[in-house]
Amino acid sequence: MESITISMHPIDDAKCEFHLSTPLGETRAHYSTGDDCSAHPIAAAVFTVPGITEIDVNGAVLTVTKKSETSWIELEEQLAYAFEMNAYSTAPPASHADQALNDDELFEKVAEFFTSEINPTVAAHGGKVELIDIENSMVIVRMMGGCQGCGMANVTLRQGIEAGLRKSWPVLKGIVDITDHASGTDPYFTAEKK
């Protein structure tokens with residue numbers, strides 16, 4: 001998987017440009033919620049960061065607007081993490097032969113994906129994701145370390161891992177997280193209180 005590099009260029013307290021090493025496409029787009037940006041999964045991932053209100057996409061530049069008092073420097077790490085986790089959705093598509101695999105055969109391939117792609121990335125943030133099983137084409141995982149109780153765990157799971165798995169193996173039906181996030185003792189990002 002090719003890594004996406006990002007550089008941050010704050011415009012003012014409310015707006016910041018993020019320049020990506022890889023363009024998100026040819027079309028310009030404006031989003032005011034994460035629900036309407038399925039064409040740009042990276043934009044959807046950015047909306048998971050608290051306080052983001054708008055995103056303008058123009059090729060390799062995302063202009064992000066926030067309402068929170070949190071500085072861009074403080075948000076930079078969370079935004080970079082959202083970008084990084086979404087990179088899995090750009091994984092190469094599966095071969096037709098992979099579509100006929102049973103759960104045990106899929107487990108072997110998915111375990112290799114976790115070993116080579118997922119865990120090296122989350123390890124950089126003090127976490128690990130354990131592949132527990134694949135049952136009826138559903139992937140079962142447990143998040144540990146910095147991922148357990150992390151405020152960005154759902155981004156990691158949905159925008160990163162699940163998107164990458166479904167692109168690589170469309171036969172997979174989804175992912176189930178059996179982690180007890182409430183008992184996490186050292187989350188990488190503290191969860192927001194609701």
# chains A, B, ... in the order shown; residues from 1 in each chain; ligands from 1
call {"tool": "residues_around", "arguments": {"residues": "Glu108 in chain A", "least_positions_apart": "4", "cutoff": "12 Å", "atoms": "only C-alpha atoms", "output": "list in words"}}
result
Asp98, Leu101, Asn102, Asp103, Asp104, Glu112, Phe113, Phe114, Thr115, Leu131, Ile132, Asp133, Ile134 and Val139 of chain A
call {"tool": "residues_around", "arguments": {"residues": "Met8 in chain A", "least_positions_apart": "2", "cutoff": "7 Å", "atoms": "only C-alpha atoms", "output": "list in words"}}
result
Ile6, Pro10, Glu17, Phe18 and His19 of chain A
call {"tool": "write_last_selection", "arguments": {"atoms": "N, CA and C atoms", "output": "mmCIF file, in the first residue's frame"}}
result
data_model
loop_
_atom_site.group_PDB
_atom_site.id
_atom_site.type_symbol
_atom_site.label_atom_id
_atom_site.label_comp_id
_atom_site.auth_asym_id
_atom_site.auth_seq_id
_atom_site.Cartn_x
_atom_site.Cartn_y
_atom_site.Cartn_z
ATOM 1 N N ILE A 6 0.945 14.111 4.004
ATOM 2 C CA ILE A 6 0.069 15.261 4.170
ATOM 3 C C ILE A 6 0.872 16.405 4.753
ATOM 4 N N PRO A 10 -2.334 26.096 7.776
ATOM 5 C CA PRO A 10 -3.449 26.846 8.361
ATOM 6 C C PRO A 10 -3.679 28.168 7.630
ATOM 7 N N GLU A 17 -5.735 24.275 5.104
ATOM 8 C CA GLU A 17 -5.563 23.437 3.916
ATOM 9 C C GLU A 17 -4.652 22.272 4.266
ATOM 10 N N PHE A 18 -5.024 21.084 3.764
ATOM 11 C CA PHE A 18 -4.196 19.898 3.877
ATOM 12 C C PHE A 18 -3.832 19.471 2.471
ATOM 13 N N HIS A 19 -2.540 19.467 2.175
ATOM 14 C CA HIS A 19 -2.051 19.084 0.853
ATOM 15 C C HIS A 19 -1.636 17.618 0.914
#
call {"tool": "atom_distance", "arguments": {"atom1": "CA of Gly184 in chain A", "atom2": "CA of Ala124 in chain A"}}
result
17.4 Å
call {"tool": "closest_atom_pairs", "arguments": {"of": "range 96-189 of chain A", "to": "range 30-43 of chain A", "cutoff": "10 Å", "atoms": "only C-alpha atoms", "output": "CSV"}}
result
residue,atom,partner,partner_atom,distance
A:Gln159,CA,A:Pro41,CA,7.3
A:Gly160,CA,A:Pro41,CA,9.7
A:Ala163,CA,A:Pro41,CA,9.0
call {"tool": "write_last_selection", "arguments": {"atoms": "all heavy atoms", "output": "short mmCIF file (atom, residue, chain, number, x, y, z; two decimals), in the first residue's frame"}}
result
data_model
loop_
_atom_site.label_atom_id
_atom_site.label_comp_id
_atom_site.auth_asym_id
_atom_site.auth_seq_id
_atom_site.Cartn_x
_atom_site.Cartn_y
_atom_site.Cartn_z
N GLN A 159 -13.21 3.22 8.71
CA GLN A 159 -12.58 3.89 7.57
C GLN A 159 -11.29 3.20 7.14
O GLN A 159 -10.91 3.27 5.99
CB GLN A 159 -12.28 5.35 7.91
CG GLN A 159 -13.48 6.17 8.26
CD GLN A 159 -14.37 6.41 7.07
OE1 GLN A 159 -13.94 6.43 5.94
NE2 GLN A 159 -15.65 6.61 7.33
N GLY A 160 -10.62 2.56 8.08
CA GLY A 160 -9.36 1.92 7.78
C GLY A 160 -9.49 0.45 7.49
O GLY A 160 -9.45 0.00 6.36
N ALA A 163 -12.85 -0.82 5.42
CA ALA A 163 -12.79 -0.37 4.03
C ALA A 163 -11.73 -1.13 3.24
O ALA A 163 -11.96 -1.55 2.10
CB ALA A 163 -12.52 1.14 3.97
#
call {"tool": "closest_residue", "arguments": {"among": "A:Ala100, A:Val57, A:Ile11, A:Ala82", "to": "Thr156 in chain A", "atoms": "only C-alpha atoms"}}
result
A:Ala82
call {"tool": "closest_residue", "arguments": {"among": "A:Thr5, A:Leu20, A:Arg142, A:Lys15", "to": "Gly51 in chain A", "atoms": "only C-alpha atoms"}}
result
A:Lys15
